[in-house]
Amino acid sequence: MTRDIASLVAAADRHDADAFAQHLTPDVKSVFANTEPVVGQENVKKATTAFWDTIEGVSHHILAIHESGDTVTVQFDIDYRRKDGRTVTLPVCNVLTFEGDLVSVSQVYADLAPLYA
């Protein structure tokens, strides 16, 4: 496994929780927007799946990737397909800390209010 951001987001776009979790350390810490931190690969997988259950689909569009040591910052436009058929596009930034090729910390900066409005 490498620091393959494209593969990580492709798994999210497919809602493939198993492939998504393969990019995470066993003790990963994930904070999505203003939610409480979720710790542990299995817990992050469950929380991610629960989020995916609230939407019809998602498409990540990578705008920029910046790397500095073990930190990778990714800027996205993300198309969220709602259950009512509407698509909401939101700007999102994800700061990822890696241990080797796996994500040990994921901090997603996003305002999800428009998604559920």
# chains A, B, ... in the order shown; residues from 1 in each chain; ligands from 1
>>> select_by_dssp(residues="segment 3-113 of chain A", states="strand (DSSP E)", output="ChimeraX atom specification")
/A:24-32,38-39,57-68,71-81,87-99,102-109
>>> residues_around(residues="Leu115 of chain A", least_positions_apart="3", cutoff="10 Å", atoms="only C-alpha atoms", output="NGL selection string")
:A and (55 or 79-82 or 86-90 or 111-112)
>>> write_last_selection(atoms="N, CA, C and O atoms", output="mmCIF file, in the first residue's frame")
data_model
loop_
_atom_site.group_PDB
_atom_site.id
_atom_site.type_symbol
_atom_site.label_atom_id
_atom_site.label_comp_id
_atom_site.auth_asym_id
_atom_site.auth_seq_id
_atom_site.Cartn_x
_atom_site.Cartn_y
_atom_site.Cartn_z
ATOM 1 N N ILE A 55 -26.470 9.524 2.553
ATOM 2 C CA ILE A 55 -26.403 10.116 1.218
ATOM 3 C C ILE A 55 -26.557 9.028 0.166
ATOM 4 O O ILE A 55 -26.372 7.841 0.448
ATOM 5 N N ASP A 79 -18.803 16.357 -4.688
ATOM 6 C CA ASP A 79 -20.215 16.303 -5.055
ATOM 7 C C ASP A 79 -20.886 15.259 -4.178
ATOM 8 O O ASP A 79 -20.545 14.068 -4.241
ATOM 9 N N TYR A 80 -21.822 15.700 -3.358
ATOM 10 C CA TYR A 80 -22.618 14.805 -2.530
ATOM 11 C C TYR A 80 -23.982 14.666 -3.181
ATOM 12 O O TYR A 80 -24.667 15.654 -3.407
ATOM 13 N N ARG A 81 -24.374 13.440 -3.503
ATOM 14 C CA ARG A 81 -25.707 13.176 -4.047
ATOM 15 C C ARG A 81 -26.629 12.816 -2.894
ATOM 16 O O ARG A 81 -26.411 11.809 -2.211
ATOM 17 N N ARG A 82 -27.610 13.663 -2.684
ATOM 18 C CA ARG A 82 -28.542 13.471 -1.582
ATOM 19 C C ARG A 82 -29.574 12.408 -1.926
ATOM 20 O O ARG A 82 -29.758 12.057 -3.089
ATOM 21 N N ARG A 86 -30.905 15.577 -5.356
ATOM 22 C CA ARG A 86 -30.115 16.796 -5.557
ATOM 23 C C ARG A 86 -28.645 16.521 -5.305
ATOM 24 O O ARG A 86 -28.283 15.650 -4.518
ATOM 25 N N THR A 87 -27.793 17.278 -5.989
ATOM 26 C CA THR A 87 -26.355 17.211 -5.756
ATOM 27 C C THR A 87 -25.905 18.518 -5.137
ATOM 28 O O THR A 87 -26.272 19.604 -5.610
ATOM 29 N N VAL A 88 -25.130 18.410 -4.075
ATOM 30 C CA VAL A 88 -24.559 19.566 -3.397
ATOM 31 C C VAL A 88 -23.049 19.439 -3.500
ATOM 32 O O VAL A 88 -22.483 18.408 -3.116
ATOM 33 N N THR A 89 -22.397 20.456 -4.042
ATOM 34 C CA THR A 89 -20.943 20.453 -4.159
ATOM 35 C C THR A 89 -20.363 21.330 -3.060
ATOM 36 O O THR A 89 -20.762 22.489 -2.913
ATOM 37 N N LEU A 90 -19.434 20.762 -2.297
ATOM 38 C CA LEU A 90 -18.838 21.483 -1.175
ATOM 39 C C LEU A 90 -17.319 21.484 -1.275
ATOM 40 O O LEU A 90 -16.719 20.485 -1.687
ATOM 41 N N ASP A 111 -17.900 22.199 5.927
ATOM 42 C CA ASP A 111 -19.178 22.653 6.478
ATOM 43 C C ASP A 111 -20.258 21.821 5.792
ATOM 44 O O ASP A 111 -20.567 22.054 4.617
ATOM 45 N N LEU A 112 -20.806 20.868 6.506
ATOM 46 C CA LEU A 112 -21.788 19.963 5.931
ATOM 47 C C LEU A 112 -23.213 20.488 6.009
ATOM 48 O O LEU A 112 -24.142 19.840 5.496
#
>>> select_by_dssp(residues="chain A", states="helix (DSSP H, G or I)", output="number ranges by chain")
A: 5-13, 17-21, 41-52, 113-116
>>> write_last_selection(atoms="C-alpha atoms", output="mmCIF file, in the first residue's frame")
data_model
loop_
_atom_site.group_PDB
_atom_site.id
_atom_site.type_symbol
_atom_site.label_atom_id
_atom_site.label_comp_id
_atom_site.auth_asym_id
_atom_site.auth_seq_id
_atom_site.Cartn_x
_atom_site.Cartn_y
_atom_site.Cartn_z
ATOM 1 C CA ILE A 5 -4.788 9.407 -2.245
ATOM 2 C CA ALA A 6 -6.598 8.618 -5.504
ATOM 3 C CA SER A 7 -7.197 5.013 -4.403
ATOM 4 C CA LEU A 8 -8.396 6.149 -0.970
ATOM 5 C CA VAL A 9 -10.984 8.544 -2.391
ATOM 6 C CA ALA A 10 -11.994 6.072 -5.093
ATOM 7 C CA ALA A 11 -12.905 3.620 -2.324
ATOM 8 C CA ALA A 12 -15.000 6.367 -0.698
ATOM 9 C CA ASP A 13 -16.681 7.168 -4.009
ATOM 10 C CA ALA A 17 -15.703 0.395 3.407
ATOM 11 C CA ASP A 18 -13.261 -2.519 3.324
ATOM 12 C CA ALA A 19 -11.042 -0.921 0.656
ATOM 13 C CA PHE A 20 -11.277 2.424 2.469
ATOM 14 C CA ALA A 21 -10.208 0.866 5.787
ATOM 15 C CA GLN A 41 -9.868 1.328 12.105
ATOM 16 C CA GLU A 42 -13.075 -0.618 12.724
ATOM 17 C CA ASN A 43 -14.768 2.348 14.439
ATOM 18 C CA VAL A 44 -13.802 4.693 11.594
ATOM 19 C CA LYS A 45 -15.121 2.151 9.104
ATOM 20 C CA LYS A 46 -18.461 2.017 10.973
ATOM 21 C CA ALA A 47 -18.704 5.822 11.283
ATOM 22 C CA THR A 48 -17.879 6.273 7.610
ATOM 23 C CA THR A 49 -20.484 3.702 6.593
ATOM 24 C CA ALA A 50 -23.065 5.430 8.813
ATOM 25 C CA PHE A 51 -22.318 8.738 7.048
ATOM 26 C CA TRP A 52 -22.559 7.090 3.629
ATOM 27 C CA ALA A 113 -24.778 22.183 6.766
ATOM 28 C CA PRO A 114 -25.648 22.762 3.063
ATOM 29 C CA LEU A 115 -25.749 18.994 2.507
ATOM 30 C CA TYR A 116 -28.592 18.556 4.967
#
>>> atom_distance(atom1="atom CA of Leu96 of chain A", atom2="atom CA of Lys83 of chain A")
28.7 Å
>>> atom_distance(atom1="atom CA of Gly40 of chain A", atom2="atom CA of His15 of chain A")
18.7 Å
>>> closest_residue(among="A:Ser106, A:Val58, A:Asp27, A:His66", to="Ile78 of chain A", atoms="only C-alpha atoms")
A:Val58
>>> residues_around(residues="Pro91 of chain A", least_positions_apart="5", cutoff="8 Å", atoms="only C-alpha atoms", output="list in words")
Gln75, Phe76, Asp77, Ile78 and Ala110 of chain A
>>> decode(residues="chain A", atoms="C-alpha atoms", output="compact mmCIF listing (two decimals), in the first residue's frame")
# COMPACT_ATOMS: atom_id res chain seq x y z
CA MET A 1 0.00 0.00 0.00
CA THR A 2 1.36 3.44 -0.86
CA ARG A 3 0.22 6.96 -0.03
CA ASP A 4 -2.26 6.64 -2.82
CA ILE A 5 -4.79 9.41 -2.24
CA ALA A 6 -6.60 8.62 -5.50
CA SER A 7 -7.20 5.01 -4.40
CA LEU A 8 -8.40 6.15 -0.97
CA VAL A 9 -10.98 8.54 -2.39
CA ALA A 10 -11.99 6.07 -5.09
CA ALA A 11 -12.90 3.62 -2.32
CA ALA A 12 -15.00 6.37 -0.70
CA ASP A 13 -16.68 7.17 -4.01
CA ARG A 14 -17.62 3.48 -4.38
CA HIS A 15 -18.75 3.31 -0.73
CA ASP A 16 -16.32 0.40 -0.34
CA ALA A 17 -15.70 0.40 3.41
CA ASP A 18 -13.26 -2.52 3.32
CA ALA A 19 -11.04 -0.92 0.66
CA PHE A 20 -11.28 2.42 2.47
CA ALA A 21 -10.21 0.87 5.79
CA GLN A 22 -7.17 -0.78 4.17
CA HIS A 23 -5.63 2.70 3.95
CA LEU A 24 -5.88 3.24 7.74
CA THR A 25 -3.67 2.25 10.66
CA PRO A 26 -5.32 0.01 13.28
CA ASP A 27 -5.34 2.95 15.77
CA VAL A 28 -6.31 5.68 13.28
CA LYS A 29 -7.90 8.85 14.66
CA SER A 30 -10.49 10.50 12.43
CA VAL A 31 -12.30 13.79 12.90
CA PHE A 32 -14.92 14.64 10.29
CA ALA A 33 -16.02 18.29 10.29
CA ASN A 34 -17.21 19.18 13.79
CA THR A 35 -17.93 15.64 14.99
CA GLU A 36 -16.24 13.94 17.91
CA PRO A 37 -13.01 12.07 17.09
CA VAL A 38 -13.39 8.41 16.14
CA VAL A 39 -10.48 6.14 17.05
CA GLY A 40 -9.65 2.75 15.61
CA GLN A 41 -9.87 1.33 12.11
CA GLU A 42 -13.08 -0.62 12.72
CA ASN A 43 -14.77 2.35 14.44
CA VAL A 44 -13.80 4.69 11.59
CA LYS A 45 -15.12 2.15 9.10
CA LYS A 46 -18.46 2.02 10.97
CA ALA A 47 -18.70 5.82 11.28
CA THR A 48 -17.88 6.27 7.61
CA THR A 49 -20.48 3.70 6.59
CA ALA A 50 -23.06 5.43 8.81
CA PHE A 51 -22.32 8.74 7.05
CA TRP A 52 -22.56 7.09 3.63
CA ASP A 53 -25.98 5.73 4.61
CA THR A 54 -27.25 9.34 4.85
CA ILE A 55 -26.40 10.12 1.22
CA GLU A 56 -26.99 8.50 -2.15
CA GLY A 57 -23.43 8.92 -3.39
CA VAL A 58 -20.28 10.98 -3.44
CA SER A 59 -17.66 12.04 -5.99
CA HIS A 60 -14.35 13.54 -4.92
CA HIS A 61 -12.58 15.97 -7.25
CA ILE A 62 -8.99 16.49 -6.14
CA LEU A 63 -7.92 20.09 -6.72
CA ALA A 64 -4.53 20.09 -4.99
CA ILE A 65 -2.28 17.85 -2.92
CA HIS A 66 0.48 19.23 -0.71
CA GLU A 67 2.98 16.99 1.07
CA SER A 68 5.30 17.88 3.93
CA GLY A 69 7.00 14.97 5.63
CA ASP A 70 4.32 12.62 6.96
CA THR A 71 1.52 15.15 6.39
CA VAL A 72 -0.54 15.31 3.21
CA THR A 73 -3.13 18.05 2.73
CA VAL A 74 -5.75 17.46 0.05
CA GLN A 75 -8.10 20.12 -1.29
CA PHE A 76 -11.31 18.83 -2.88
CA ASP A 77 -14.56 19.83 -4.42
CA ILE A 78 -16.89 17.02 -3.38
CA ASP A 79 -20.21 16.30 -5.06
CA TYR A 80 -22.62 14.81 -2.53
CA ARG A 81 -25.71 13.18 -4.05
CA ARG A 82 -28.54 13.47 -1.58
CA LYS A 83 -31.31 10.92 -1.10
CA ASP A 84 -33.75 13.39 -2.74
CA GLY A 85 -31.71 13.36 -5.97
CA ARG A 86 -30.12 16.80 -5.56
CA THR A 87 -26.35 17.21 -5.76
CA VAL A 88 -24.56 19.57 -3.40
CA THR A 89 -20.94 20.45 -4.16
CA LEU A 90 -18.84 21.48 -1.18
CA PRO A 91 -15.24 22.61 -0.76
CA VAL A 92 -13.40 20.27 1.60
CA CYS A 93 -9.88 20.04 2.95
CA ASN A 94 -8.46 16.87 4.47
CA VAL A 95 -5.22 16.88 6.45
CA LEU A 96 -3.81 13.36 6.65
CA THR A 97 -0.93 12.19 8.81
CA PHE A 98 0.75 9.00 7.66
CA GLU A 99 2.64 6.23 9.40
CA GLY A 100 4.44 4.67 6.50
CA ASP A 101 1.83 4.24 3.78
CA LEU A 102 -1.21 4.24 6.08
CA VAL A 103 -3.29 7.12 7.45
CA SER A 104 -2.90 7.48 11.22
CA VAL A 105 -4.80 10.77 11.56
CA SER A 106 -7.47 12.23 9.29
CA GLN A 107 -8.88 15.69 9.94
CA VAL A 108 -11.60 16.71 7.49
CA TYR A 109 -12.45 20.41 7.33
CA ALA A 110 -15.90 20.87 5.85
CA ASP A 111 -19.18 22.65 6.48
CA LEU A 112 -21.79 19.96 5.93
CA ALA A 113 -24.78 22.18 6.77
CA PRO A 114 -25.65 22.76 3.06
CA LEU A 115 -25.75 18.99 2.51
CA TYR A 116 -28.59 18.56 4.97
CA ALA A 117 -30.40 21.87 4.39
